[in-house]
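Data file: target_12.cif. Format and content: mmCIF, C-alpha atoms and all ligand atoms.
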data_upload
#
loop_
_atom_site.label_atom_id
_atom_site.label_comp_id
_atom_site.auth_asym_id
_atom_site.auth_seq_id
_atom_site.Cartn_x
_atom_site.Cartn_y
_atom_site.Cartn_z
CA MET A 46 131.27 125.39 97.82
CA GLY A 47 129.75 125.80 94.42
CA ILE A 48 126.24 124.96 93.28
CA ALA A 49 127.15 121.56 91.82
CA GLU A 50 128.94 120.48 95.02
CA ASN A 51 126.04 121.70 97.14
CA ILE A 52 123.60 119.68 95.05
CA ARG A 53 125.77 116.58 95.34
CA ASP A 54 125.97 117.03 99.10
CA ILE A 55 122.21 117.52 99.45
CA ARG A 56 121.49 114.44 97.33
CA GLU A 57 123.70 112.38 99.61
CA ARG A 58 121.87 113.65 102.65
CA MET A 59 118.49 113.02 100.98
CA ASP A 60 119.50 109.48 100.08
CA ARG A 61 120.70 108.77 103.60
CA ALA A 62 117.49 110.13 105.15
CA ALA A 63 115.42 108.03 102.73
CA ARG A 64 117.31 104.83 103.45
CA GLU A 65 117.12 105.38 107.20
CA ALA A 66 113.37 105.72 106.84
CA GLY A 67 113.24 102.51 104.79
CA ARG A 68 112.32 104.43 101.65
CA ASP A 69 113.59 104.34 98.08
CA PRO A 70 115.79 107.45 97.47
CA ALA A 71 114.76 107.40 93.79
CA GLU A 72 111.21 108.44 94.64
CA ILE A 73 112.25 111.82 96.09
CA ARG A 74 112.71 114.87 93.87
CA LEU A 75 114.92 117.84 94.55
CA VAL A 76 113.47 121.21 93.51
CA GLY A 77 115.86 124.18 93.57
CA ALA A 78 114.19 127.30 94.97
CA SER A 79 116.00 129.77 92.75
CA LYS A 80 114.45 133.08 93.82
CA MET A 81 116.84 136.02 93.70
CA ASN A 82 119.40 133.97 91.80
CA GLY A 83 120.17 134.81 88.21
CA ALA A 84 119.86 132.79 85.04
CA ASP A 85 123.47 131.58 85.29
CA ALA A 86 122.88 130.06 88.72
CA CYS A 87 119.76 128.34 87.37
CA ARG A 88 121.71 126.91 84.44
CA GLU A 89 124.43 125.68 86.77
CA ALA A 90 121.88 123.84 88.90
CA ILE A 91 120.31 122.28 85.81
CA ALA A 92 123.72 121.16 84.54
CA ALA A 93 124.31 119.57 87.95
CA GLY A 94 121.16 117.51 87.57
CA ILE A 95 118.54 119.27 89.68
CA ASP A 96 115.08 117.72 89.12
CA ALA A 97 113.24 121.04 88.76
CA LEU A 98 113.51 124.71 89.62
CA GLY A 99 110.86 126.60 91.58
CA GLU A 100 110.15 130.32 91.48
CA ASN A 101 108.22 132.52 93.88
CA ARG A 102 107.55 135.70 92.03
CA VAL A 103 105.78 135.99 88.70
CA GLN A 104 107.76 139.00 87.53
CA GLU A 105 111.13 137.44 88.29
CA MET A 106 110.11 134.17 86.69
CA THR A 107 108.89 135.88 83.53
CA ALA A 108 112.18 137.78 83.17
CA LYS A 109 114.27 134.64 83.69
CA LEU A 110 112.08 132.65 81.29
CA ALA A 111 112.88 135.24 78.63
CA GLU A 112 116.57 134.64 79.32
CA GLY A 113 116.15 130.90 78.88
CA ALA A 114 117.18 130.28 82.50
CA TYR A 115 115.21 127.05 82.89
CA GLU A 116 116.01 125.25 79.68
CA GLY A 117 116.57 121.59 80.38
CA ALA A 118 114.55 121.27 83.58
CA PRO A 119 110.91 121.48 84.58
CA LEU A 120 109.80 124.78 86.13
CA HIS A 121 107.47 125.00 89.13
CA PHE A 122 105.70 127.96 90.67
CA ILE A 123 106.05 127.73 94.46
CA GLY A 124 105.16 131.22 95.75
CA HIS A 125 101.99 133.00 96.69
CA LEU A 126 99.99 133.44 93.50
CA GLN A 127 97.50 136.26 93.04
CA ARG A 128 94.50 135.58 90.89
CA ASN A 129 95.25 138.45 88.55
CA LYS A 130 98.63 136.88 87.74
CA VAL A 131 97.40 133.38 87.01
CA ARG A 132 97.40 134.11 83.29
CA GLN A 133 101.16 134.65 83.41
CA VAL A 134 101.81 131.29 85.04
CA VAL A 135 99.39 128.73 83.61
CA GLY A 136 101.00 126.86 80.74
CA LYS A 137 104.42 128.32 81.57
CA VAL A 138 105.18 125.91 84.40
CA SER A 139 104.79 122.17 84.72
CA LEU A 140 103.49 122.41 88.29
CA ILE A 141 101.88 125.13 90.41
CA GLN A 142 102.69 123.98 93.94
CA SER A 143 100.98 126.69 95.94
CA VAL A 144 97.23 126.52 95.36
CA GLY A 145 95.64 127.50 98.64
CA SER A 146 92.08 128.50 97.78
CA LEU A 147 89.19 127.32 95.65
CA ALA A 148 89.00 130.74 93.99
CA LEU A 149 92.58 130.36 92.82
CA LEU A 150 91.97 126.80 91.69
CA GLU A 151 88.97 127.94 89.66
CA GLU A 152 90.95 130.74 88.03
CA ILE A 153 93.70 128.29 87.05
CA HIS A 154 91.07 125.99 85.61
CA ARG A 155 89.60 128.85 83.57
CA GLN A 156 92.95 129.92 82.14
CA ALA A 157 93.96 126.35 81.34
CA GLU A 158 90.65 125.82 79.58
CA LYS A 159 91.37 128.83 77.36
CA LEU A 160 94.73 127.31 76.45
CA ASP A 161 93.07 123.93 75.92
CA MET A 162 95.44 122.25 78.38
CA VAL A 163 95.42 120.62 81.80
CA GLN A 164 97.51 122.36 84.47
CA ASP A 165 99.13 120.21 87.15
CA VAL A 166 98.87 121.66 90.66
CA LEU A 167 99.44 120.84 94.32
CA LEU A 168 97.06 121.89 97.06
CA GLU A 169 98.76 123.87 99.81
CA VAL A 170 98.03 122.97 103.42
CA ASN A 171 98.38 125.65 106.10
CA ILE A 172 99.35 123.13 108.75
CA GLY A 173 100.29 125.66 111.42
CA GLY A 174 96.99 127.52 111.08
CA GLU A 175 98.92 130.76 110.60
CA GLU A 176 96.99 133.88 109.61
CA SER A 177 99.93 135.11 107.56
CA LYS A 178 100.07 132.03 105.35
CA SER A 179 97.78 130.93 102.60
CA GLY A 180 96.59 127.40 102.18
CA PHE A 181 93.73 125.13 103.15
CA SER A 182 93.34 124.20 106.80
CA PRO A 183 93.57 120.48 107.60
CA ALA A 184 89.78 120.54 108.07
CA GLU A 185 89.26 122.03 104.59
CA ILE A 186 91.77 120.07 102.58
CA TYR A 187 89.68 116.96 101.99
CA GLY A 188 86.74 118.99 100.68
CA ALA A 189 89.12 120.99 98.49
CA GLY A 190 90.46 117.77 97.01
CA GLU A 191 86.91 116.64 96.27
CA LYS A 192 85.95 119.95 94.71
CA ALA A 193 89.14 120.02 92.62
CA ARG A 194 88.02 116.91 90.82
CA THR A 195 85.18 118.87 89.24
CA PHE A 196 87.64 121.19 87.47
CA SER A 197 88.52 119.37 84.29
CA HIS A 198 91.49 121.57 83.38
CA VAL A 199 93.43 121.10 86.57
CA ARG A 200 94.98 117.90 87.79
CA VAL A 201 95.83 117.68 91.47
CA ARG A 202 99.14 115.84 91.83
CA GLY A 203 99.53 116.07 95.60
CA LEU A 204 100.01 118.38 98.57
CA MET A 205 102.49 121.07 99.54
CA THR A 206 103.15 122.70 102.90
CA ILE A 207 105.28 125.37 104.55
CA PRO A 208 105.21 124.80 108.31
CA PRO A 209 105.69 127.57 110.88
CA ILE A 210 109.23 128.75 111.52
CA GLU A 211 110.63 126.45 114.21
CA ARG A 212 113.76 127.15 116.18
CA GLU A 213 114.04 123.79 117.92
CA PRO A 214 115.85 120.98 116.08
CA HIS A 215 113.28 118.66 114.50
CA GLY A 216 110.57 121.13 115.52
CA ASN A 217 108.77 120.69 112.20
CA LEU A 218 108.64 116.92 112.28
CA PRO A 219 105.16 116.81 113.91
CA TYR A 220 103.80 119.14 111.20
CA PHE A 221 105.37 117.06 108.46
CA ARG A 222 103.83 113.91 109.92
CA LYS A 223 100.37 115.50 110.02
CA VAL A 224 100.53 116.59 106.38
CA SER A 225 101.85 113.18 105.41
CA GLN A 226 98.80 111.58 107.04
CA LEU A 227 96.47 113.92 105.14
CA TYR A 228 98.31 113.05 101.93
CA VAL A 229 97.90 109.32 102.50
CA ASP A 230 94.19 109.68 103.35
CA ILE A 231 93.39 111.85 100.34
CA SER A 232 95.42 109.68 98.04
CA ARG A 233 93.58 106.58 99.21
CA ASN A 234 90.09 108.02 99.11
CA LEU A 235 90.01 110.55 96.29
CA TYR A 236 92.76 110.02 93.79
CA ASP A 237 94.50 107.39 91.74
CA ASN A 238 98.10 107.05 90.60
CA ASP A 239 98.39 110.71 89.57
CA PHE A 240 98.54 111.81 93.19
CA VAL A 241 102.24 111.34 93.88
CA TYR A 242 103.83 114.55 95.16
CA LEU A 243 104.17 115.48 98.79
CA SER A 244 106.21 118.68 98.68
CA MET A 245 107.68 119.68 102.06
CA GLY A 246 111.05 120.42 103.58
CA MET A 247 113.54 123.24 102.90
CA SER A 248 117.25 123.83 103.52
CA ASP A 249 117.03 123.44 107.30
CA ASP A 250 114.64 120.52 107.56
CA PHE A 251 114.46 118.50 104.34
CA GLU A 252 115.77 115.38 106.06
CA ASP A 253 112.95 115.45 108.62
CA ALA A 254 110.47 115.98 105.79
CA ILE A 255 111.83 112.87 104.08
CA THR A 256 111.59 110.92 107.34
CA ALA A 257 107.90 111.88 107.44
CA GLY A 258 107.25 110.90 103.81
CA ALA A 259 108.06 113.85 101.50
CA THR A 260 108.47 112.92 97.84
CA MET A 261 109.63 116.42 96.89
CA VAL A 262 111.82 118.88 98.79
CA ARG A 263 112.33 122.56 97.93
CA VAL A 264 115.82 123.73 98.74
CA GLY A 265 117.10 127.26 98.19
CA SER A 266 119.94 128.64 100.30
CA ALA A 267 121.67 125.29 100.83
CA ILE A 268 122.10 125.11 97.04
CA PHE A 269 122.52 128.72 95.97
CA GLY A 270 123.97 130.29 99.11
CA HIS A 271 122.37 132.94 101.25
CA ARG A 272 120.12 135.30 99.37
CA GLN A 273 121.12 138.93 99.10
CA TYR A 274 118.10 141.05 99.81
CA HIS A 275 118.53 144.46 98.21
CA GLU A 276 116.43 147.37 99.29
C1 LIG B 301 112.57 130.07 99.34
C2 LIG B 301 111.65 128.93 99.43
C3 LIG B 301 112.11 127.64 99.73
C4 LIG B 301 113.55 127.34 100.04
O1 LIG B 301 113.94 127.95 101.24
P1 LIG B 301 115.43 127.74 101.81
O2 LIG B 301 115.27 127.87 103.27
O3 LIG B 301 116.28 128.79 101.20
O4 LIG B 301 115.86 126.38 101.42
C5 LIG B 301 111.19 126.61 99.73
N1 LIG B 301 109.88 126.82 99.49
C6 LIG B 301 109.39 128.03 99.22
C7 LIG B 301 107.94 128.20 98.96
C8 LIG B 301 110.25 129.12 99.19
O5 LIG B 301 109.77 130.33 98.96
#
Would it be possible to restate this file's structure as structure tokens?
Amino acid sequence: MGIAENIRDIRERMDRAAREAGRDPAEIRLVGASKMNGADACREAIAAGIDALGENRVQEMTAKLAEGAYEGAPLHFIGHLQRNKVRQVVGKVSLIQSVGSLALLEEIHRQAEKLDMVQDVLLEVNIGGEESKSGFSPAEIYGAGEKARTFSHVRVRGLMTIPPIEREPHGNLPYFRKVSQLYVDISRNLYDNDFVYLSMGMSDDFEDAITAGATMVRVGSAIFGHRQYHE
């Protein structure tokens, strides 16, 4: 199947999962994780009505930006971001989804201040407590949300998570439910109407993420096909 058909199919599955959970399908955004796919694939996804595209690597994103790959759709940064690359991302994307430390948050604030703008971000939760992943632990996330409010050039729009790799069907549902609870608590106690994005769920588990309350899913291979990793 082509990209447009894949997107149509995923939307149908998203809508069904939302309705089964008693939710409004219109409140859930589909972000295409377009890493390792060229500008043409990005344009195809935009023409098919994807809500946004998300990139993982600064270098790849910069090259595709120069090609005009994202024209017509918002661009998100969803990968691990190093502090020395923040300058290349702030102001270039509408949302940085993967902010997992206060040091990174502060650097984003500083760059946005220089550009005289406010950068929208999500705080990343390391829900599985994995050493290999970045993100705030569930115990830290509330404090991070509080601290973030003191940075005037960042606006926290919600939470993002990448749960551990699960082999069992529905294995990630408990993680999604935990992050959803954190999202509701933080939203209620710290933020107002700007706090609207709960980004979780990928190709294999976006329906479970929607069941648990996701308002944004990040789907790569189910849209673009399996990635070819070249050595
Ligand atoms: C690649 C990627 C996705 C999408 O993964 P698929 O399994 O291909 O759908 C989602 N989120 C992040 C952060 C990614 O890097």
* Structure fact -> Of A:Thr195, A:Gln142, A:Gln164, A:Ser182, the one sitting nearest ligand LIG 301 (chain B) when using all atoms listed in the file is A:Gln142
So that I can check the surroundings of A:Ser179, please list as a CSV table (one decimal) with C-alpha atoms, in the coordinates of the input every protein, DNA and RNA residue that reaches within 9 Å of it, counting all atoms listed in the file and ignoring chain neighbours fewer than 4 positions away.
chain,number,residue,atom,x,y,z
A,125,HIS,CA,102.0,133.0,96.7
A,143,SER,CA,101.0,126.7,95.9
A,144,VAL,CA,97.2,126.5,95.4
A,145,GLY,CA,95.6,127.5,98.6
A,146,SER,CA,92.1,128.5,97.8
A,169,GLU,CA,98.8,123.9,99.8
A,170,VAL,CA,98.0,123.0,103.4
A,171,ASN,CA,98.4,125.6,106.1
A,175,GLU,CA,98.9,130.8,110.6
* Name the residues in contact with A:Phe196 at a cut-off of 9 Å, using only C-alpha atoms, excluding same-chain residues fewer than 4 positions from it; report them as a PyMOL selection string. => chain A and resi 150-151+154-155+192+200
Residues up to 10 Å from ligand LIG 301 (chain B), counting all atoms listed in the file: could you list those as an mmCIF file with C-alpha atoms, in the coordinates of the input?
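Once everything was written out, this is pocket30.cif:
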data_model
loop_
_atom_site.group_PDB
_atom_site.id
_atom_site.type_symbol
_atom_site.label_atom_id
_atom_site.label_comp_id
_atom_site.auth_asym_id
_atom_site.auth_seq_id
_atom_site.Cartn_x
_atom_site.Cartn_y
_atom_site.Cartn_z
ATOM 1 C CA VAL A 76 113.470 121.210 93.510
ATOM 2 C CA GLY A 77 115.860 124.180 93.570
ATOM 3 C CA ALA A 78 114.190 127.300 94.970
ATOM 4 C CA SER A 79 116.000 129.770 92.750
ATOM 5 C CA LYS A 80 114.450 133.080 93.820
ATOM 6 C CA MET A 81 116.840 136.020 93.700
ATOM 7 C CA GLY A 99 110.860 126.600 91.580
ATOM 8 C CA GLU A 100 110.150 130.320 91.480
ATOM 9 C CA ASN A 101 108.220 132.520 93.880
ATOM 10 C CA ARG A 102 107.550 135.700 92.030
ATOM 11 C CA PHE A 122 105.700 127.960 90.670
ATOM 12 C CA ILE A 123 106.050 127.730 94.460
ATOM 13 C CA GLY A 124 105.160 131.220 95.750
ATOM 14 C CA HIS A 125 101.990 133.000 96.690
ATOM 15 C CA GLN A 142 102.690 123.980 93.940
ATOM 16 C CA SER A 143 100.980 126.690 95.940
ATOM 17 C CA MET A 205 102.490 121.070 99.540
ATOM 18 C CA THR A 206 103.150 122.700 102.900
ATOM 19 C CA ILE A 207 105.280 125.370 104.550
ATOM 20 C CA SER A 244 106.210 118.680 98.680
ATOM 21 C CA MET A 245 107.680 119.680 102.060
ATOM 22 C CA GLY A 246 111.050 120.420 103.580
ATOM 23 C CA MET A 247 113.540 123.240 102.900
ATOM 24 C CA SER A 248 117.250 123.830 103.520
ATOM 25 C CA ASP A 249 117.030 123.440 107.300
ATOM 26 C CA ASP A 250 114.640 120.520 107.560
ATOM 27 C CA PHE A 251 114.460 118.500 104.340
ATOM 28 C CA VAL A 262 111.820 118.880 98.790
ATOM 29 C CA ARG A 263 112.330 122.560 97.930
ATOM 30 C CA VAL A 264 115.820 123.730 98.740
ATOM 31 C CA GLY A 265 117.100 127.260 98.190
ATOM 32 C CA SER A 266 119.940 128.640 100.300
ATOM 33 C CA ALA A 267 121.670 125.290 100.830
ATOM 34 C CA ILE A 268 122.100 125.110 97.040
ATOM 35 C CA PHE A 269 122.520 128.720 95.970
ATOM 36 C CA GLY A 270 123.970 130.290 99.110
ATOM 37 C CA HIS A 271 122.370 132.940 101.250
ATOM 38 C CA ARG A 272 120.120 135.300 99.370
#
Within 8 Å of A:Ala63 using all atoms listed in the file, minus same-chain residues under 6 positions, as a CSV table (one decimal) with C-alpha atoms, in the coordinates of the input:
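Listing of out_30.csv after writing:
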chain,number,residue,atom,x,y,z
A,69,ASP,CA,113.6,104.3,98.1
A,70,PRO,CA,115.8,107.4,97.5
A,255,ILE,CA,111.8,112.9,104.1
A,256,THR,CA,111.6,110.9,107.3
* Calculate how many Å separate atom CA of A:Thr260 from atom CA of A:Gly188, rounding to one decimal. =>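 We find that atom CA of A:Thr260 and atom CA of A:Gly188 lie 22.7 Å from each other.
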* **Residue with smallest distance to A:Leu120 - pool A:Ser232, A:Asn51, A:Asn238, A:Thr107, counting all atoms listed in the file** =>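 Among the listed residues, A:Thr107 lies closest to A:Leu120.
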* Excluding A:Leu110 and residues on its chain fewer than 5 positions from it, collect all residues at most 9 Å away from it, counting all atoms listed in the file, and give them as a PyMOL selection string. => chain A and resi 84+105+115-116+137
* **Within-10 Å shell of (103.7, 112.9, 102.7) in input frame, only C-alpha atoms, as a list in words** =>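 Output of the proximity query reads Gly203, Leu204, Met205, Thr206, Phe221, Arg222, Lys223, Val224, Ser225, Gln226, Leu227, Tyr228, Val229, Val241, Tyr242, Leu243, Ser244, Met245, Ala254, Ile255, Thr256, Ala257, Gly258, Ala259, Thr260 and Met261 of chain A.
Of the residues listed (A:Ile55, A:Met162, A:Val201, A:Ala189), A:Met162 shows the shortest atom-to-atom separation from A:Val135; distances use only C-alpha atoms.
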* Return the single residue from A:Leu218, A:Glu252, A:Gln273, A:Ala49 that is closest to A:Arg61, with distances computed using all atoms listed in the file. =>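 Using all atoms listed in the file, the shortest distance to A:Arg61 belongs to A:Glu252.
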* **Pick from A:Gly117, A:Gly47, A:Gly180, A:Gly190 nearest to A:Gly94, counting all atoms listed in the file** => A:Gly117
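One finds atom CA of A:Tyr220 at 10.9 Å from atom CA of A:Pro183.
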* A:Ile52 surroundings by all atoms listed in the file, 8 Å radius, close-in-sequence under 2 positions cut, as a ChimeraX atom specification -> /A:48-50,54-56,90,93,95,268
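We find atom CA of A:Gly136 and atom CA of A:Asp96 to be spaced 18.8 Å apart.
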Export all heavy atoms of stretch 235-246 of chain A from the structure just given, as an mmCIF file, in the first residue's frame?
data_model
loop_
_atom_site.group_PDB
_atom_site.id
_atom_site.type_symbol
_atom_site.label_atom_id
_atom_site.label_comp_id
_atom_site.auth_asym_id
_atom_site.auth_seq_id
_atom_site.Cartn_x
_atom_site.Cartn_y
_atom_site.Cartn_z
ATOM 1 N N LEU A 235 -1.177 22.311 37.569
ATOM 2 C CA LEU A 235 -0.145 23.278 37.192
ATOM 3 C C LEU A 235 -0.490 24.137 35.984
ATOM 4 O O LEU A 235 0.014 25.236 35.850
ATOM 5 C CB LEU A 235 1.163 22.548 36.865
ATOM 6 C CG LEU A 235 1.932 21.902 38.005
ATOM 7 C CD1 LEU A 235 3.200 21.279 37.446
ATOM 8 C CD2 LEU A 235 2.269 22.918 39.073
ATOM 9 N N TYR A 236 -1.286 23.610 35.098
ATOM 10 C CA TYR A 236 -1.427 24.296 33.813
ATOM 11 C C TYR A 236 -2.882 24.575 33.468
ATOM 12 O O TYR A 236 -3.800 23.991 34.025
ATOM 13 C CB TYR A 236 -0.782 23.463 32.698
ATOM 14 C CG TYR A 236 0.729 23.459 32.779
ATOM 15 C CD1 TYR A 236 1.393 22.384 33.343
ATOM 16 C CD2 TYR A 236 1.470 24.537 32.335
ATOM 17 C CE1 TYR A 236 2.778 22.374 33.439
ATOM 18 C CE2 TYR A 236 2.847 24.538 32.430
ATOM 19 C CZ TYR A 236 3.500 23.461 32.981
ATOM 20 O OH TYR A 236 4.861 23.461 33.073
ATOM 21 N N ASP A 237 -3.035 25.458 32.493
ATOM 22 C CA ASP A 237 -4.378 25.817 32.046
ATOM 23 C C ASP A 237 -4.665 25.154 30.697
ATOM 24 O O ASP A 237 -4.191 24.074 30.414
ATOM 25 C CB ASP A 237 -4.518 27.332 31.978
ATOM 26 C CG ASP A 237 -3.409 27.934 31.134
ATOM 27 O OD1 ASP A 237 -2.815 27.199 30.335
ATOM 28 O OD2 ASP A 237 -3.144 29.136 31.287
ATOM 29 N N ASN A 238 -5.382 25.839 29.851
ATOM 30 C CA ASN A 238 -5.842 25.235 28.594
ATOM 31 C C ASN A 238 -4.754 24.966 27.563
ATOM 32 O O ASN A 238 -5.014 24.347 26.553
ATOM 33 C CB ASN A 238 -6.886 26.152 27.936
ATOM 34 C CG ASN A 238 -8.031 26.441 28.857
ATOM 35 O OD1 ASN A 238 -8.316 25.635 29.735
ATOM 36 N ND2 ASN A 238 -8.676 27.576 28.688
ATOM 37 N N ASP A 239 -3.538 25.466 27.822
ATOM 38 C CA ASP A 239 -2.440 25.228 26.882
ATOM 39 C C ASP A 239 -1.903 23.800 26.949
ATOM 40 O O ASP A 239 -1.196 23.349 26.070
ATOM 41 C CB ASP A 239 -1.257 26.163 27.191
ATOM 42 C CG ASP A 239 -1.557 27.592 26.804
ATOM 43 O OD1 ASP A 239 -2.498 27.804 26.031
ATOM 44 O OD2 ASP A 239 -0.856 28.487 27.299
ATOM 45 N N PHE A 240 -2.200 23.124 28.020
ATOM 46 C CA PHE A 240 -1.644 21.795 28.275
ATOM 47 C C PHE A 240 -2.601 20.765 27.684
ATOM 48 O O PHE A 240 -3.554 20.326 28.325
ATOM 49 C CB PHE A 240 -1.502 21.623 29.789
ATOM 50 C CG PHE A 240 -0.584 20.515 30.220
ATOM 51 C CD1 PHE A 240 0.788 20.713 30.311
ATOM 52 C CD2 PHE A 240 -1.099 19.279 30.576
ATOM 53 C CE1 PHE A 240 1.628 19.692 30.739
ATOM 54 C CE2 PHE A 240 -0.263 18.257 31.006
ATOM 55 C CZ PHE A 240 1.099 18.460 31.094
ATOM 56 N N VAL A 241 -2.352 20.399 26.418
ATOM 57 C CA VAL A 241 -3.353 19.607 25.686
ATOM 58 C C VAL A 241 -2.806 18.370 24.988
ATOM 59 O O VAL A 241 -3.578 17.564 24.476
ATOM 60 C CB VAL A 241 -4.067 20.467 24.618
ATOM 61 C CG1 VAL A 241 -5.009 21.456 25.281
ATOM 62 C CG2 VAL A 241 -3.078 21.194 23.718
ATOM 63 N N TYR A 242 -1.469 18.215 24.947
ATOM 64 C CA TYR A 242 -0.923 17.100 24.171
ATOM 65 C C TYR A 242 -0.389 15.987 25.070
ATOM 66 O O TYR A 242 0.472 16.222 25.922
ATOM 67 C CB TYR A 242 0.218 17.577 23.254
ATOM 68 C CG TYR A 242 -0.220 18.570 22.230
ATOM 69 C CD1 TYR A 242 0.513 19.732 21.999
ATOM 70 C CD2 TYR A 242 -1.377 18.355 21.472
ATOM 71 C CE1 TYR A 242 0.112 20.659 21.046
ATOM 72 C CE2 TYR A 242 -1.781 19.272 20.515
ATOM 73 C CZ TYR A 242 -1.031 20.418 20.317
ATOM 74 O OH TYR A 242 -1.424 21.335 19.373
ATOM 75 N N LEU A 243 -0.897 14.812 24.835
ATOM 76 C CA LEU A 243 -0.350 13.613 25.460
ATOM 77 C C LEU A 243 0.099 12.717 24.316
ATOM 78 O O LEU A 243 -0.716 12.080 23.642
ATOM 79 C CB LEU A 243 -1.400 12.921 26.337
ATOM 80 C CG LEU A 243 -0.963 11.596 26.973
ATOM 81 C CD1 LEU A 243 0.307 11.764 27.793
ATOM 82 C CD2 LEU A 243 -2.076 11.030 27.848
ATOM 83 N N SER A 244 1.423 12.767 24.045
ATOM 84 C CA SER A 244 1.989 12.102 22.871
ATOM 85 C C SER A 244 2.519 10.721 23.248
ATOM 86 O O SER A 244 3.538 10.592 23.918
ATOM 87 C CB SER A 244 3.118 12.974 22.304
ATOM 88 O OG SER A 244 3.777 12.301 21.247
ATOM 89 N N MET A 245 1.806 9.685 22.825
ATOM 90 C CA MET A 245 2.259 8.308 23.081
ATOM 91 C C MET A 245 1.581 7.362 22.111
ATOM 92 O O MET A 245 0.476 7.618 21.647
ATOM 93 C CB MET A 245 2.018 7.907 24.546
ATOM 94 C CG MET A 245 0.588 8.039 25.037
ATOM 95 S SD MET A 245 0.498 7.754 26.836
ATOM 96 C CE MET A 245 -1.293 7.552 27.023
ATOM 97 N N GLY A 246 2.270 6.282 21.816
ATOM 98 C CA GLY A 246 1.759 5.293 20.868
ATOM 99 C C GLY A 246 2.481 5.394 19.536
ATOM 100 O O GLY A 246 2.679 6.486 19.014
#
